[in-house]
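Enquirer: First, the structure itself, so that you have it in front of you.
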Amino acid sequence: MKYFLSAAMLAAMTSAMAANEAPVFNVVNLDASVTREVPNDLASAILFVEFTDTDPARLSEKVNQTLGAGLKLVKQQSVVQSGGTAYATYPLYGKTNKQEGWRSRGELRISSRDFAVLSKLLAQLQQPLAGGLPMQLANVSYGVSDEARAKAEEGLIAEGLQAFKQRADLIQKGFSAKAWKMINVNVNTSGGHRPQPVMMMKSSPMMEMSGRADAPIESGDSRLTANVSGSIQISE
C-alpha cells in the first residue's frame, strides 16, 4: 500500500513538472528606450595639495594644515557639502635607487547645487590659506542630483512603458494576432553624470596681486535613459 501511494505521488509530481516545462509558443522578446536631456544641478570638485620633504612627520603636518584650513572654509558655507579628504605618502628615489625623501598628496572633495557659491569657494581655496598653502584644482564634474534624477526618472519610466506597449501593439498587428499579454518586463535607468576636465592655469604677478578670479562653472545637461525590455506572448 505504501509503495502504491509513493508511486502515485511520484507520477503526480512528474506530470506537474512536465506541465510546468511545457514549451510556450508565440513569445516575442522586445525592448524600448527613451532618452531625455536633464539640466545638471550638482557640481563636484576635487582639490589637492602636494609637498616633498625628507621628514615624513613634517610633511604630514604641512598637508594636514592645508587640508584643515580648506575644510574650515568649506564649513562656513552651508550650501557646500564636503565629500571628505584623502591622504597618501610615498618615498622618492634618486638615480642611484637610494631614497632621498618623501612626497605626500592630500585631496579635498566638495560639491554643491549652488554654483555661484561653489565658484567663489574654489577661488578662495586656490589662494594661500591660513595655516596652509594654496590648493590646486584637479577636477570638476557635473551631474544630476538625487532629487532631480528621481523626478526625471518617473517621467522617463512612464514614457518607456508606453513605448514598450506601442511596440507590442505593432508586433501584434504585424502577426495579425488577436491580442498580447506580458510575460516579464525589466526596467532600468542610466546616465546623469558628465565629468568636465579642468585646465590648469599658471599664476602671474597680476593674478597674485588681484587674487584668483572665480572658477567658471558651466554645468550643461546630462542624458538620462530609461530602458524597458521583456517578453510578450501573442495569441492567434
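Ordering of the C-alpha cells sets the chain letters (A, B, ...), residue numbers begin anew at 1 in every chain, and ligands are numbered from 1 in the order given.
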I want to know what sits within 9 Å of A:Leu161, based on only C-alpha atoms, with residues of the same chain fewer than 5 positions away left out; could you give that as a list in words?

Expert: Ala32, Leu156, Gln166, Val187, Asn227 and Val228 of chain A

Enquirer: Grab the residues selected above and save them as a CSV table (one decimal), in the first residue's frame with N, CA and C atoms.

Expert:
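Okay, this is what ended up in out-v3.csv:
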chain,number,residue,atom,x,y,z
A,32,ALA,N,12.5,48.8,-25.5
A,32,ALA,CA,12.2,50.1,-25.9
A,32,ALA,C,13.0,51.1,-25.0
A,156,LEU,N,10.5,59.4,-17.3
A,156,LEU,CA,11.1,58.6,-18.3
A,156,LEU,C,10.6,57.1,-18.3
A,166,GLN,N,3.5,50.3,-27.2
A,166,GLN,CA,3.3,50.6,-28.6
A,166,GLN,C,4.0,49.6,-29.5
A,187,VAL,N,12.9,47.0,-16.1
A,187,VAL,CA,13.1,48.5,-16.3
A,187,VAL,C,14.3,48.9,-15.6
A,227,ASN,N,15.3,52.2,-20.1
A,227,ASN,CA,15.2,51.1,-21.0
A,227,ASN,C,14.2,50.1,-20.4
A,228,VAL,N,13.2,49.7,-21.2
A,228,VAL,CA,12.2,48.7,-20.8
A,228,VAL,C,12.4,47.5,-21.8

Enquirer: Going by DSSP on the backbone, which bits of stretch 21-152 of chain A are helix (DSSP H, G or I)? Write them as an NGL selection string, please.

Expert: :A and (56-75 or 115-125 or 146-152)

Enquirer: Quick one: residues within 10 Å of A:Ala86, only C-alpha atoms, excluding same-chain residues fewer than 3 positions away - as a VMD selection string?

Expert: chain A and resid 48 67 83 105 to 109

Enquirer: As a PyMOL selection string, please: every residue in stretch 65-140 of chain A that a backbone DSSP assignment puts in strand (DSSP E or B).

Expert: chain A and resi 80-93+99-112+136-140

Enquirer: Keeping only N, CA and C atoms, write the selected residues as an mmCIF file, in the first residue's frame.

Expert:
data_model
loop_
_atom_site.group_PDB
_atom_site.id
_atom_site.type_symbol
_atom_site.label_atom_id
_atom_site.label_comp_id
_atom_site.auth_asym_id
_atom_site.auth_seq_id
_atom_site.Cartn_x
_atom_site.Cartn_y
_atom_site.Cartn_z
ATOM 1 N N VAL A 80 27.428 74.066 0.736
ATOM 2 C CA VAL A 80 28.503 73.258 0.166
ATOM 3 C C VAL A 80 28.718 72.038 1.047
ATOM 4 N N GLN A 81 28.744 70.868 0.429
ATOM 5 C CA GLN A 81 28.938 69.631 1.178
ATOM 6 C C GLN A 81 30.366 69.113 0.977
ATOM 7 N N SER A 82 30.939 68.627 2.054
ATOM 8 C CA SER A 82 32.272 68.054 1.986
ATOM 9 C C SER A 82 32.164 66.555 1.753
ATOM 10 N N GLY A 83 32.925 66.082 0.755
ATOM 11 C CA GLY A 83 32.955 64.650 0.478
ATOM 12 C C GLY A 83 34.094 63.952 1.182
ATOM 13 N N GLY A 84 34.764 64.660 2.092
ATOM 14 C CA GLY A 84 35.861 64.068 2.848
ATOM 15 C C GLY A 84 37.217 64.371 2.233
ATOM 16 N N THR A 85 38.247 63.871 2.884
ATOM 17 C CA THR A 85 39.619 64.090 2.437
ATOM 18 C C THR A 85 40.311 62.757 2.187
ATOM 19 N N ALA A 86 41.393 62.824 1.435
ATOM 20 C CA ALA A 86 42.220 61.641 1.173
ATOM 21 C C ALA A 86 43.673 62.029 1.354
ATOM 22 N N TYR A 87 44.503 61.077 1.783
ATOM 23 C CA TYR A 87 45.901 61.373 2.083
ATOM 24 C C TYR A 87 46.758 60.191 1.647
ATOM 25 N N ALA A 88 47.873 60.467 0.970
ATOM 26 C CA ALA A 88 48.781 59.405 0.530
ATOM 27 C C ALA A 88 50.215 59.906 0.591
ATOM 28 N N THR A 89 51.126 59.037 1.021
ATOM 29 C CA THR A 89 52.558 59.352 1.104
ATOM 30 C C THR A 89 53.344 58.230 0.456
ATOM 31 N N TYR A 90 54.360 58.583 -0.331
ATOM 32 C CA TYR A 90 55.187 57.562 -0.960
ATOM 33 C C TYR A 90 56.633 58.056 -1.015
ATOM 34 N N PRO A 91 57.596 57.133 -1.003
ATOM 35 C CA PRO A 91 59.012 57.523 -0.995
ATOM 36 C C PRO A 91 59.479 58.004 -2.363
ATOM 37 N N LEU A 92 60.528 58.839 -2.337
ATOM 38 C CA LEU A 92 61.153 59.330 -3.556
ATOM 39 C C LEU A 92 62.571 58.763 -3.643
ATOM 40 N N TYR A 93 62.919 58.254 -4.823
ATOM 41 C CA TYR A 93 64.230 57.651 -5.012
ATOM 42 C C TYR A 93 65.015 58.425 -6.063
ATOM 43 N N GLN A 99 66.729 56.163 -1.490
ATOM 44 C CA GLN A 99 65.630 57.041 -1.090
ATOM 45 C C GLN A 99 66.172 58.412 -0.683
ATOM 46 N N GLU A 100 65.566 59.446 -1.260
ATOM 47 C CA GLU A 100 66.016 60.802 -0.985
ATOM 48 C C GLU A 100 64.983 61.632 -0.231
ATOM 49 N N GLY A 101 63.789 61.132 -0.081
ATOM 50 C CA GLY A 101 62.766 61.903 0.624
ATOM 51 C C GLY A 101 61.393 61.278 0.484
ATOM 52 N N TRP A 102 60.403 62.092 0.822
ATOM 53 C CA TRP A 102 59.013 61.635 0.783
ATOM 54 C C TRP A 102 58.142 62.663 0.069
ATOM 55 N N ARG A 103 57.078 62.193 -0.527
ATOM 56 C CA ARG A 103 56.112 63.088 -1.165
ATOM 57 C C ARG A 103 54.715 62.709 -0.697
ATOM 58 N N SER A 104 53.954 63.716 -0.299
ATOM 59 C CA SER A 104 52.597 63.485 0.186
ATOM 60 C C SER A 104 51.598 64.292 -0.634
ATOM 61 N N ARG A 105 50.437 63.738 -0.794
ATOM 62 C CA ARG A 105 49.355 64.388 -1.524
ATOM 63 C C ARG A 105 48.076 64.295 -0.686
ATOM 64 N N GLY A 106 47.466 65.429 -0.484
ATOM 65 C CA GLY A 106 46.192 65.471 0.223
ATOM 66 C C GLY A 106 45.100 65.987 -0.705
ATOM 67 N N GLU A 107 43.914 65.381 -0.650
ATOM 68 C CA GLU A 107 42.808 65.772 -1.519
ATOM 69 C C GLU A 107 41.596 66.182 -0.697
ATOM 70 N N LEU A 108 40.851 67.120 -1.237
ATOM 71 C CA LEU A 108 39.619 67.597 -0.618
ATOM 72 C C LEU A 108 38.519 67.534 -1.667
ATOM 73 N N ARG A 109 37.418 66.882 -1.328
ATOM 74 C CA ARG A 109 36.291 66.740 -2.255
ATOM 75 C C ARG A 109 35.097 67.543 -1.742
ATOM 76 N N ILE A 110 34.524 68.347 -2.602
ATOM 77 C CA ILE A 110 33.378 69.170 -2.221
ATOM 78 C C ILE A 110 32.340 69.145 -3.346
ATOM 79 N N SER A 111 31.093 69.450 -3.000
ATOM 80 C CA SER A 111 30.027 69.504 -4.003
ATOM 81 C C SER A 111 28.954 70.479 -3.533
ATOM 82 N N SER A 112 28.184 70.993 -4.482
ATOM 83 C CA SER A 112 27.125 71.936 -4.144
ATOM 84 C C SER A 112 26.167 72.076 -5.318
ATOM 85 N N GLN A 136 45.309 73.217 -5.342
ATOM 86 C CA GLN A 136 45.152 73.226 -6.790
ATOM 87 C C GLN A 136 43.887 72.464 -7.173
ATOM 88 N N LEU A 137 43.241 72.931 -8.228
ATOM 89 C CA LEU A 137 42.009 72.311 -8.688
ATOM 90 C C LEU A 137 42.351 71.169 -9.641
ATOM 91 N N ALA A 138 41.945 69.952 -9.274
ATOM 92 C CA ALA A 138 42.274 68.776 -10.073
ATOM 93 C C ALA A 138 41.168 68.398 -11.045
ATOM 94 N N ASN A 139 39.921 68.530 -10.609
ATOM 95 C CA ASN A 139 38.828 68.054 -11.448
ATOM 96 C C ASN A 139 37.513 68.684 -11.016
ATOM 97 N N VAL A 140 36.675 68.966 -11.990
ATOM 98 C CA VAL A 140 35.303 69.408 -11.729
ATOM 99 C C VAL A 140 34.369 68.532 -12.556
#

Enquirer: What does the distance between atom CA of A:Pro134 and atom CA of A:Gly220 come to in Å, to one decimal place?

Expert: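 Value for the atom CA of A:Pro134-atom CA of A:Gly220 distance: 28.4 Å.
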
Enquirer: Using atom CA of A:Arg36 and atom CA of A:Arg149 as the two end points, give the distance in Å to one decimal.

Expert: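 Computing the Euclidean distance for atom CA of A:Arg36 and atom CA of A:Arg149 yields 11.1 Å.
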
Enquirer: So how many Å separate atom CA of A:Val38 and atom CA of A:Leu122, to one decimal?

Expert: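 Atom CA of A:Val38 sits 24.9 Å away from atom CA of A:Leu122.
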
Enquirer: Got a sec: who's within 9 Å of A:Ser33, counting only C-alpha atoms, leaving out chain neighbours fewer than 6 positions off, as a PyMOL selection string?

Expert: chain A and resi 159-160+163-164+225-229

Enquirer: Include C-alpha atoms and write out the residues we just selected as a PDB file, in the first residue's frame.

Expert:
ATOM      1  CA  GLU A 159       7.412  57.096 -21.381  1.00  0.00           C
ATOM      2  CA  GLY A 160       9.440  53.885 -21.639  1.00  0.00           C
ATOM      3  CA  ALA A 163       6.893  52.954 -25.893  1.00  0.00           C
ATOM      4  CA  PHE A 164       7.090  49.261 -24.945  1.00  0.00           C
ATOM      5  CA  THR A 225      17.925  56.976 -20.377  1.00  0.00           C
ATOM      6  CA  ALA A 226      15.189  54.533 -19.394  1.00  0.00           C
ATOM      7  CA  ASN A 227      15.204  51.095 -20.973  1.00  0.00           C
ATOM      8  CA  VAL A 228      12.222  48.733 -20.826  1.00  0.00           C
ATOM      9  CA  SER A 229      12.768  45.173 -22.021  1.00  0.00           C
TER      10      SER A 229
END

Enquirer: Here is a test: counting only C-alpha atoms, which residue of A:Val79, A:Leu133, A:Leu121, A:Ile232 is nearest to A:Met182?

Expert: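 Among the listed residues, A:Ile232 lies closest to A:Met182.
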
Enquirer: Using only C-alpha atoms, which of A:Leu59, A:Ala45, A:Leu125, A:Leu118 sits nearest A:Lys72?

Expert: A:Leu125

Enquirer: Point out the residue among A:Asn40, A:Ser190, A:Gln76, A:Gln162 with the least atom-to-atom distance to A:Leu224, counting only C-alpha atoms.

Expert: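 Closest candidate: A:Ser190.
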